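**Q** The structure file input.csv (CSV, C-alpha atoms (C1' of nucleotides)) is provided below.
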chain,number,residue,atom,x,y,z
B,1,MET,CA,187.5,78.8,169.6
B,2,GLU,CA,184.9,81.5,170.0
B,3,ASN,CA,182.3,81.3,172.7
B,4,GLU,CA,178.7,81.9,171.6
B,5,THR,CA,178.3,84.6,174.3
B,6,CYS,CA,177.0,87.2,172.0
B,7,ARG,CA,173.3,87.8,172.7
B,8,PRO,CA,172.5,88.8,176.3
B,9,ARG,CA,172.5,85.6,178.2
B,10,ILE,CA,171.8,84.8,181.8
B,11,ARG,CA,174.3,82.6,183.7
B,12,ILE,CA,172.9,81.1,186.9
B,13,ARG,CA,175.0,79.3,189.4
B,14,ILE,CA,173.4,77.6,192.3
B,15,VAL,CA,175.7,77.4,195.3
B,16,PHE,CA,174.8,74.9,198.0
B,17,GLY,CA,178.0,74.9,200.1
B,18,ALA,CA,181.7,75.7,199.9
B,19,GLU,CA,182.4,73.3,197.1
B,20,GLU,CA,179.0,72.2,196.1
B,21,MET,CA,177.6,74.2,193.2
B,22,ILE,CA,176.2,73.7,189.7
B,23,GLY,CA,176.3,76.2,186.9
B,24,PRO,CA,176.3,76.5,183.1
B,25,GLY,CA,179.5,74.6,182.6
B,26,LYS,CA,178.5,71.5,184.5
B,27,ALA,CA,175.0,71.6,183.0
B,28,GLU,CA,176.4,71.8,179.4
B,29,LEU,CA,178.8,69.0,180.2
B,30,LEU,CA,176.0,66.7,181.4
B,31,GLU,CA,174.1,67.5,178.3
B,32,ARG,CA,176.9,66.6,176.0
B,33,ILE,CA,177.7,63.5,177.9
B,34,ASP,CA,174.2,62.4,177.3
B,35,ARG,CA,174.6,63.0,173.6
B,36,CYS,CA,178.1,61.7,173.2
B,37,GLY,CA,178.1,58.8,175.5
B,38,SER,CA,181.6,59.7,176.7
B,39,ILE,CA,183.2,62.1,179.1
B,40,ALA,CA,186.2,62.6,176.8
B,41,ALA,CA,184.2,63.4,173.8
B,42,ALA,CA,181.9,65.8,175.7
B,43,GLY,CA,185.0,67.6,177.0
B,44,ARG,CA,186.6,67.8,173.6
B,45,GLU,CA,183.4,69.4,172.2
B,46,MET,CA,183.6,72.1,174.8
B,47,GLY,CA,187.3,72.7,174.3
B,48,MET,CA,187.9,71.5,177.8
B,49,SER,CA,190.8,69.3,178.9
B,50,TYR,CA,189.7,65.8,179.8
B,51,LYS,CA,191.0,66.1,183.3
B,52,ARG,CA,188.8,69.1,183.9
B,53,ALA,CA,185.7,67.4,182.6
B,54,TRP,CA,186.5,64.3,184.7
B,55,GLN,CA,187.0,66.4,187.8
B,56,LEU,CA,183.7,68.3,187.3
B,57,ILE,CA,181.8,65.0,186.9
B,58,GLY,CA,183.6,63.7,190.0
B,59,THR,CA,182.4,66.6,192.1
B,60,LEU,CA,178.9,66.3,190.8
B,61,ASN,CA,178.8,62.6,191.5
B,62,ALA,CA,180.1,63.3,195.0
B,63,MET,CA,177.7,66.0,195.9
B,64,PHE,CA,174.5,64.3,195.1
B,65,ARG,CA,173.0,61.3,196.9
B,66,ALA,CA,173.1,59.2,193.7
B,67,PRO,CA,175.8,59.7,190.9
B,68,LEU,CA,174.7,61.7,187.9
B,69,VAL,CA,177.0,60.0,185.5
B,70,ASP,CA,177.8,56.3,185.2
B,71,SER,CA,181.1,55.5,183.5
B,72,THR,CA,182.3,52.1,182.3
B,73,ARG,CA,185.8,51.2,181.2
B,74,GLY,CA,186.6,48.5,178.6
B,75,GLY,CA,183.9,46.9,176.7
B,76,PRO,CA,182.8,47.5,173.1
B,77,GLY,CA,184.3,50.8,172.0
B,78,GLY,CA,186.7,50.7,175.0
B,79,GLY,CA,184.3,52.3,177.5
B,80,GLY,CA,182.0,55.2,177.8
B,81,ALA,CA,179.7,57.2,180.1
B,82,VAL,CA,176.0,57.7,180.4
B,83,LEU,CA,173.7,59.9,182.3
B,84,THR,CA,171.8,58.2,185.1
B,85,GLU,CA,168.2,59.0,185.9
B,86,ALA,CA,169.4,61.2,188.7
B,87,GLY,CA,171.6,63.0,186.2
B,88,ARG,CA,168.7,63.6,183.8
B,89,THR,CA,166.6,64.9,186.7
B,90,VAL,CA,169.2,67.3,187.9
B,91,LEU,CA,169.9,68.6,184.4
B,92,SER,CA,166.2,69.1,183.8
B,93,LEU,CA,165.7,70.9,187.1
B,94,TYR,CA,168.6,73.2,186.4
B,95,ARG,CA,167.3,74.0,182.9
B,96,ALA,CA,163.8,74.6,184.2
B,97,PHE,CA,165.3,77.0,186.8
B,98,GLU,CA,167.1,78.9,184.1
B,99,ASP,CA,164.0,79.3,182.0
B,100,GLU,CA,161.8,80.4,184.9
B,101,ALA,CA,164.4,82.9,186.0
B,102,ALA,CA,164.8,84.3,182.5
B,103,GLU,CA,161.1,84.7,182.1
B,104,ALA,CA,160.6,86.2,185.5
B,105,GLY,CA,163.3,88.8,185.0
B,106,ALA,CA,162.6,89.7,181.3
B,107,ALA,CA,161.4,93.2,182.2
B,108,GLN,CA,164.6,94.1,184.2
B,109,LEU,CA,166.8,92.5,181.5
B,110,SER,CA,165.2,94.6,178.8
B,111,GLU,CA,165.6,97.8,180.8
B,112,LEU,CA,169.2,97.0,181.5
B,113,ARG,CA,169.9,96.5,177.8
B,114,MET,CA,168.5,100.0,177.1
B,115,LEU,CA,171.2,101.5,179.3
B,116,LEU,CA,174.1,99.8,177.5
B,117,ARG,CA,176.4,101.9,175.4
B,118,ASP,CA,176.3,99.6,172.4
B,119,ILE,CA,173.1,97.7,172.4
B,120,PRO,CA,173.8,94.1,171.5
B,121,HIS,CA,173.1,93.5,167.8
B,122,GLY,CA,170.1,91.4,166.9
B,123,LYS,CA,167.0,90.6,169.0
Q,124,MET,CA,188.0,85.4,205.9
Q,125,GLU,CA,185.2,83.0,205.4
Q,126,ASN,CA,182.6,83.6,202.8
Q,127,GLU,CA,179.0,83.5,203.8
Q,128,THR,CA,178.2,80.9,201.1
Q,129,CYS,CA,176.6,78.5,203.5
Q,130,ARG,CA,172.9,78.4,202.8
Q,131,PRO,CA,172.0,77.6,199.2
Q,132,ARG,CA,172.4,80.9,197.3
Q,133,ILE,CA,171.8,81.8,193.7
Q,134,ARG,CA,174.4,83.7,191.9
Q,135,ILE,CA,173.2,85.3,188.7
Q,136,ARG,CA,175.4,86.9,186.1
Q,137,ILE,CA,174.0,88.8,183.2
Q,138,VAL,CA,176.2,88.5,180.1
Q,139,PHE,CA,175.7,91.1,177.4
Q,140,GLY,CA,178.8,90.6,175.3
Q,141,ALA,CA,182.3,89.3,175.4
Q,142,GLU,CA,183.5,91.6,178.1
Q,143,GLU,CA,180.2,93.2,179.2
Q,144,MET,CA,178.7,91.5,182.1
Q,145,ILE,CA,177.4,92.2,185.6
Q,146,GLY,CA,177.2,89.8,188.5
Q,147,PRO,CA,177.2,89.6,192.3
Q,148,GLY,CA,180.7,91.0,192.7
Q,149,LYS,CA,180.1,94.2,190.8
Q,150,ALA,CA,176.7,94.7,192.3
Q,151,GLU,CA,178.0,94.4,195.8
Q,152,LEU,CA,180.9,96.7,194.9
Q,153,LEU,CA,178.4,99.4,193.7
Q,154,GLU,CA,176.4,99.0,196.9
Q,155,ARG,CA,179.4,99.5,199.1
Q,156,ILE,CA,180.7,102.4,197.1
Q,157,ASP,CA,177.3,104.0,197.7
Q,158,ARG,CA,177.7,103.5,201.4
Q,159,CYS,CA,181.4,104.3,201.8
Q,160,GLY,CA,181.8,107.1,199.3
Q,161,SER,CA,185.1,105.6,198.2
Q,162,ILE,CA,186.3,102.9,195.8
Q,163,ALA,CA,189.2,102.0,198.0
Q,164,ALA,CA,187.1,101.6,201.2
Q,165,ALA,CA,184.5,99.5,199.4
Q,166,GLY,CA,187.2,97.2,198.0
Q,167,ARG,CA,188.8,96.9,201.4
Q,168,GLU,CA,185.5,95.9,203.0
Q,169,MET,CA,185.2,93.1,200.4
Q,170,GLY,CA,188.7,91.9,200.9
Q,171,MET,CA,189.5,93.0,197.3
Q,172,SER,CA,192.6,94.8,196.1
Q,173,TYR,CA,192.1,98.4,195.1
Q,174,LYS,CA,193.3,97.7,191.6
Q,175,ARG,CA,190.6,95.0,191.1
Q,176,ALA,CA,187.9,97.2,192.4
Q,177,TRP,CA,189.1,100.1,190.2
Q,178,GLN,CA,189.2,97.8,187.1
Q,179,LEU,CA,185.6,96.5,187.8
Q,180,ILE,CA,184.3,100.0,188.0
Q,181,GLY,CA,186.2,100.9,184.9
Q,182,THR,CA,184.5,98.2,182.9
Q,183,LEU,CA,181.1,99.1,184.3
Q,184,ASN,CA,181.6,102.8,183.4
Q,185,ALA,CA,182.7,101.8,179.9
Q,186,MET,CA,179.9,99.4,179.2
Q,187,PHE,CA,177.0,101.7,180.0
Q,188,ARG,CA,176.0,104.8,178.2
Q,189,ALA,CA,176.5,106.9,181.3
Q,190,PRO,CA,179.1,106.2,184.0
Q,191,LEU,CA,177.8,104.4,187.1
Q,192,VAL,CA,180.4,105.8,189.4
Q,193,ASP,CA,181.8,109.3,189.5
Q,194,SER,CA,185.2,109.6,191.1
Q,195,THR,CA,187.2,112.6,192.1
Q,196,ARG,CA,190.8,112.7,193.3
Q,197,GLY,CA,192.3,115.1,195.7
Q,198,GLY,CA,190.0,117.3,197.7
Q,199,PRO,CA,188.8,117.0,201.2
Q,200,GLY,CA,189.6,113.5,202.4
Q,201,GLY,CA,191.9,113.0,199.4
Q,202,GLY,CA,189.1,112.2,197.0
Q,203,GLY,CA,186.2,109.9,196.7
Q,204,ALA,CA,183.6,108.2,194.6
Q,205,VAL,CA,179.8,108.4,194.4
Q,206,LEU,CA,177.1,106.4,192.7
Q,207,THR,CA,175.5,108.3,189.8
Q,208,GLU,CA,171.8,108.1,189.2
Q,209,ALA,CA,172.5,105.6,186.4
Q,210,GLY,CA,174.5,103.6,188.9
Q,211,ARG,CA,171.6,103.5,191.3
Q,212,THR,CA,169.3,102.5,188.5
Q,213,VAL,CA,171.5,99.6,187.3
Q,214,LEU,CA,172.0,98.3,190.8
Q,215,SER,CA,168.3,98.4,191.6
Q,216,LEU,CA,167.5,96.6,188.3
Q,217,TYR,CA,170.0,93.9,189.1
Q,218,ARG,CA,168.7,93.3,192.6
Q,219,ALA,CA,165.2,93.2,191.3
Q,220,PHE,CA,166.2,90.6,188.7
Q,221,GLU,CA,167.8,88.5,191.5
Q,222,ASP,CA,164.7,88.6,193.6
Q,223,GLU,CA,162.4,87.8,190.7
Q,224,ALA,CA,164.6,84.9,189.6
Q,225,ALA,CA,164.9,83.4,193.1
Q,226,GLU,CA,161.2,83.5,193.6
Q,227,ALA,CA,160.4,82.0,190.2
Q,228,GLY,CA,162.8,79.1,190.7
Q,229,ALA,CA,162.1,78.3,194.3
Q,230,ALA,CA,160.4,75.1,193.4
Q,231,GLN,CA,163.3,73.7,191.4
Q,232,LEU,CA,165.8,74.9,194.0
Q,233,SER,CA,163.9,73.0,196.7
Q,234,GLU,CA,163.8,69.8,194.6
Q,235,LEU,CA,167.5,70.1,193.9
Q,236,ARG,CA,168.3,70.4,197.6
Q,237,MET,CA,166.4,67.2,198.3
Q,238,LEU,CA,168.7,65.3,195.9
Q,239,LEU,CA,171.9,66.5,197.7
Q,240,ARG,CA,173.9,64.0,199.6
Q,241,ASP,CA,174.3,66.2,202.7
Q,242,ILE,CA,171.4,68.6,202.9
Q,243,PRO,CA,172.6,72.1,203.9
Q,244,HIS,CA,172.0,72.6,207.6
Q,245,GLY,CA,169.5,75.2,208.6
Q,246,LYS,CA,166.5,76.7,206.9
D,247,DT,C1',193.5,32.6,177.1
D,248,DA,C1',196.4,36.2,175.1
D,249,DT,C1',195.8,40.3,172.3
D,250,DT,C1',193.7,44.4,171.1
D,251,DG,C1',191.4,48.6,171.1
D,252,DA,C1',189.2,52.3,173.0
D,253,DT,C1',188.4,54.7,177.0
D,254,DA,C1',188.8,55.9,182.2
D,255,DT,C1',192.0,57.4,185.9
D,256,DG,C1',196.0,59.6,187.7
D,257,DT,C1',200.6,62.4,187.6
D,258,DT,C1',203.7,65.8,186.2
D,259,DT,C1',205.0,70.0,184.0
D,260,DC,C1',204.2,74.4,182.1
D,261,DT,C1',201.9,78.6,180.7
D,262,DC,C1',199.3,82.6,181.2
D,263,DA,C1',196.2,85.5,183.2
D,264,DA,C1',194.0,87.2,187.4
D,265,DG,C1',195.2,89.5,191.4
D,266,DC,C1',198.4,91.7,194.9
D,267,DT,C1',201.9,95.1,196.2
D,268,DA,C1',204.2,99.1,195.4
D,269,DT,C1',204.6,103.8,193.2
D,270,DA,C1',203.0,108.1,191.1
D,271,DA,C1',199.7,111.9,190.6
D,272,DC,C1',196.4,114.8,192.7
D,273,DG,C1',194.3,118.5,195.3
D,274,DT,C1',192.4,120.5,199.6
D,275,DA,C1',193.3,121.7,204.3
D,276,DG,C1',196.0,123.1,208.0
Z,277,DC,C1',204.3,124.2,201.6
Z,278,DT,C1',203.8,120.0,203.8
Z,279,DA,C1',200.8,116.2,204.9
Z,280,DC,C1',197.2,113.1,204.0
Z,281,DG,C1',193.9,110.0,201.9
Z,282,DT,C1',192.4,109.1,197.7
Z,283,DT,C1',192.4,108.0,192.6
Z,284,DA,C1',195.2,106.2,188.9
Z,285,DT,C1',198.9,103.2,187.0
Z,286,DA,C1',203.0,100.1,186.7
Z,287,DG,C1',205.6,95.9,188.0
Z,288,DC,C1',205.6,91.6,189.8
Z,289,DT,C1',203.8,87.0,191.8
Z,290,DT,C1',201.0,83.3,192.6
Z,291,DG,C1',197.9,79.8,191.4
Z,292,DA,C1',194.4,77.6,188.5
Z,293,DG,C1',193.9,75.2,184.4
Z,294,DA,C1',195.9,73.1,180.0
Z,295,DA,C1',199.0,69.9,177.7
Z,296,DA,C1',201.3,65.9,177.7
Z,297,DC,C1',202.2,61.6,179.4
Z,298,DA,C1',201.7,57.2,181.8
Z,299,DT,C1',198.8,53.5,183.6
Z,300,DA,C1',194.5,50.8,184.6
Z,301,DT,C1',190.5,48.5,183.0
Z,302,DC,C1',187.7,45.3,180.5
Z,303,DA,C1',184.7,43.2,176.5
Z,304,DA,C1',185.3,41.2,172.3
Z,305,DT,C1',187.6,38.1,169.5
Z,306,DA,C1',190.7,35.3,167.3
Give the structure from the file, written as structure tokens.

**A**
Amino acid sequence: MENETCRPRIRIRIVFGAEEMIGPGKAELLERIDRCGSIAAAGREMGMSYKRAWQLIGTLNAMFRAPLVDSTRGGPGGGGAVLTEAGRTVLSLYRAFEDEAAEAGAAQLSELRMLLRDIPHGK
Amino acid sequence: MENETCRPRIRIRIVFGAEEMIGPGKAELLERIDRCGSIAAAGREMGMSYKRAWQLIGTLNAMFRAPLVDSTRGGPGGGGAVLTEAGRTVLSLYRAFEDEAAEAGAAQLSELRMLLRDIPHGK
DNA sequence: TATTGATATGTTTCTCAAGCTATAACGTAG
DNA sequence: CTACGTTATAGCTTGAGAAACATATCAATA
């Protein structure tokens, strides 16, 4: 029930247009779909309603030239969803962006932490 | 009435704790308070209710060791608010973080834009 | 080929929190 | 001492998201 937002973390959202954007939520969802093989299971893991997960994937698939998630109904196990190559590429690019940004701004982040009233415990 | 979220923009939110965070909204608010000399006027400029602006400033003042905004009521003009030195420092650090991050991730951002269905017009 | 089992897709309803509007308190100037 | 523009607070409303439910889909398999 608790989010793991304890240590200072950077949340980056890339906004392309009015509706087109990608942020931490969609990235994590893609990651979990890749691991679970199912939109429903990935959403459950994140404490997210299935509808919401499904909608997020819908917008992602609509905003990129090629869909990021390929879902199949029926079949062995009743159905499932997998990350396409485009999906893997987008996720990897987003994670790379996050890492580069965090590294580039480490100095400022450190200075900001100094100014906090209660310095986050640990690291 | 329209947001200027047309060209691909990066929105960075730095999360320190459960409630402690700073992002584009609070940064812009601080900036405008510095220019306007009033929480109310700054909020109006952003199309934000006074209560919301006041709450945001309240959380900011509470999360840092020293308040970022100093407000007085009554007085000439009815009152006002100014940015403290700490406020100016925090704002500057946040902006610097933004710039560093955007520069560091320019390559990934460019690749992501290529994959979009309808490439954002301009630039 | 009819059944089954697991999921995807879509709809409706409800709740709760974010945000807006309205009100009080304040203090200087005229 | 009244008026004004602001800070500070209280009450209320709207809307986004969750929960629940209903239906569609399709491979295996018996």

**Q** Given the point (193.9, 121.7, 206.1) in the coordinates of this file, which residues lie within 12 Å, counting all atoms listed in the file, and how would they look as a count of residues only?

**A** 12

**Q** Near chain Z, meaning an atom within 12 Å, which residues of chain B appear when counting only C-alpha atoms (C1' of nucleotides)? Write them as a CSV table (one decimal) with C-alpha atoms, keeping the file's coordinate frame.

**A**
chain,number,residue,atom,x,y,z
B,47,GLY,CA,187.3,72.7,174.3
B,48,MET,CA,187.9,71.5,177.8
B,49,SER,CA,190.8,69.3,178.9
B,50,TYR,CA,189.7,65.8,179.8
B,51,LYS,CA,191.0,66.1,183.3
B,52,ARG,CA,188.8,69.1,183.9
B,53,ALA,CA,185.7,67.4,182.6
B,55,GLN,CA,187.0,66.4,187.8
B,71,SER,CA,181.1,55.5,183.5
B,72,THR,CA,182.3,52.1,182.3
B,73,ARG,CA,185.8,51.2,181.2
B,74,GLY,CA,186.6,48.5,178.6
B,75,GLY,CA,183.9,46.9,176.7
B,76,PRO,CA,182.8,47.5,173.1
B,77,GLY,CA,184.3,50.8,172.0
B,78,GLY,CA,186.7,50.7,175.0
B,79,GLY,CA,184.3,52.3,177.5
B,80,GLY,CA,182.0,55.2,177.8

**Q** Kindly determine which residues of chain Q lie within 8 Å of chain B, considering only C-alpha atoms, and give the answer as a PyMOL selection string.

**A** chain Q and resi 128-141+185-189+213+216-217+219-221+223-225+227-228+231-232+234-236+238-241+243

**Q** Could you save the residues just selected, with C-alpha atoms, as a CSV table (one decimal), keeping the file's coordinate frame?

**A**
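File written: selection.csv
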chain,number,residue,atom,x,y,z
Q,128,THR,CA,178.2,80.9,201.1
Q,129,CYS,CA,176.6,78.5,203.5
Q,130,ARG,CA,172.9,78.4,202.8
Q,131,PRO,CA,172.0,77.6,199.2
Q,132,ARG,CA,172.4,80.9,197.3
Q,133,ILE,CA,171.8,81.8,193.7
Q,134,ARG,CA,174.4,83.7,191.9
Q,135,ILE,CA,173.2,85.3,188.7
Q,136,ARG,CA,175.4,86.9,186.1
Q,137,ILE,CA,174.0,88.8,183.2
Q,138,VAL,CA,176.2,88.5,180.1
Q,139,PHE,CA,175.7,91.1,177.4
Q,140,GLY,CA,178.8,90.6,175.3
Q,141,ALA,CA,182.3,89.3,175.4
Q,185,ALA,CA,182.7,101.8,179.9
Q,186,MET,CA,179.9,99.4,179.2
Q,187,PHE,CA,177.0,101.7,180.0
Q,188,ARG,CA,176.0,104.8,178.2
Q,189,ALA,CA,176.5,106.9,181.3
Q,213,VAL,CA,171.5,99.6,187.3
Q,216,LEU,CA,167.5,96.6,188.3
Q,217,TYR,CA,170.0,93.9,189.1
Q,219,ALA,CA,165.2,93.2,191.3
Q,220,PHE,CA,166.2,90.6,188.7
Q,221,GLU,CA,167.8,88.5,191.5
Q,223,GLU,CA,162.4,87.8,190.7
Q,224,ALA,CA,164.6,84.9,189.6
Q,225,ALA,CA,164.9,83.4,193.1
Q,227,ALA,CA,160.4,82.0,190.2
Q,228,GLY,CA,162.8,79.1,190.7
Q,231,GLN,CA,163.3,73.7,191.4
Q,232,LEU,CA,165.8,74.9,194.0
Q,234,GLU,CA,163.8,69.8,194.6
Q,235,LEU,CA,167.5,70.1,193.9
Q,236,ARG,CA,168.3,70.4,197.6
Q,238,LEU,CA,168.7,65.3,195.9
Q,239,LEU,CA,171.9,66.5,197.7
Q,240,ARG,CA,173.9,64.0,199.6
Q,241,ASP,CA,174.3,66.2,202.7
Q,243,PRO,CA,172.6,72.1,203.9

**Q** List every residue of chain D that has an atom at most 9 Å from any atom of chain B, giving for each one its closest atom pair and the distance in Å to one decimal, counting only C-alpha atoms (C1' of nucleotides), sorted by chain and then by ascending residue number, as CSV.

**A**
residue,atom,partner,partner_atom,distance
D:DG251,C1',B:Gly78,CA,6.5
D:DA252,C1',B:Gly78,CA,3.6
D:DT253,C1',B:Gly79,CA,4.8
D:DA254,C1',B:Arg73,CA,5.7
D:DT255,C1',B:Trp54,CA,8.9

**Q** Just the number, please: distance in Å from atom CA of Ile156 of chain Q to atom CA of Val205 of chain Q, one decimal.

**A** 6.6 Å

**Q** Take atom CA of Leu56 of chain B and atom CA of Leu29 of chain B and report the distance between them in Å, one decimal.

**A**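 Calculated distance between atom CA of Leu56 of chain B and atom CA of Leu29 of chain B is 8.7 Å.
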
**Q** State, in Å with one decimal place, the distance from atom CA of Arg211 of chain Q to atom CA of Thr182 of chain Q.

**A**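 Rounded to one decimal, the two atoms are 16.3 Å apart.
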
**Q** With all atoms listed in the file as the counted atoms, please give the residues lying no more than 9 Å from Met169 of chain Q, apart from itself and same-chain residues fewer than 5 positions off, as a PyMOL selection string.

**A** chain Q and resi 151-152+155+164

**Q** For the selection you just gave me, I'd like the residues written to a file as a JSON list (two decimals), in the coordinates of the input, keeping C-alpha atoms.

**A**
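Listing of out33.json after writing:
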[["chain", "number", "residue", "atom", "x", "y", "z"],
["Q", 151, "GLU", "CA", 178.00, 94.40, 195.80],
["Q", 152, "LEU", "CA", 180.90, 96.70, 194.90],
["Q", 155, "ARG", "CA", 179.40, 99.50, 199.10],
["Q", 164, "ALA", "CA", 187.10, 101.60, 201.20]]
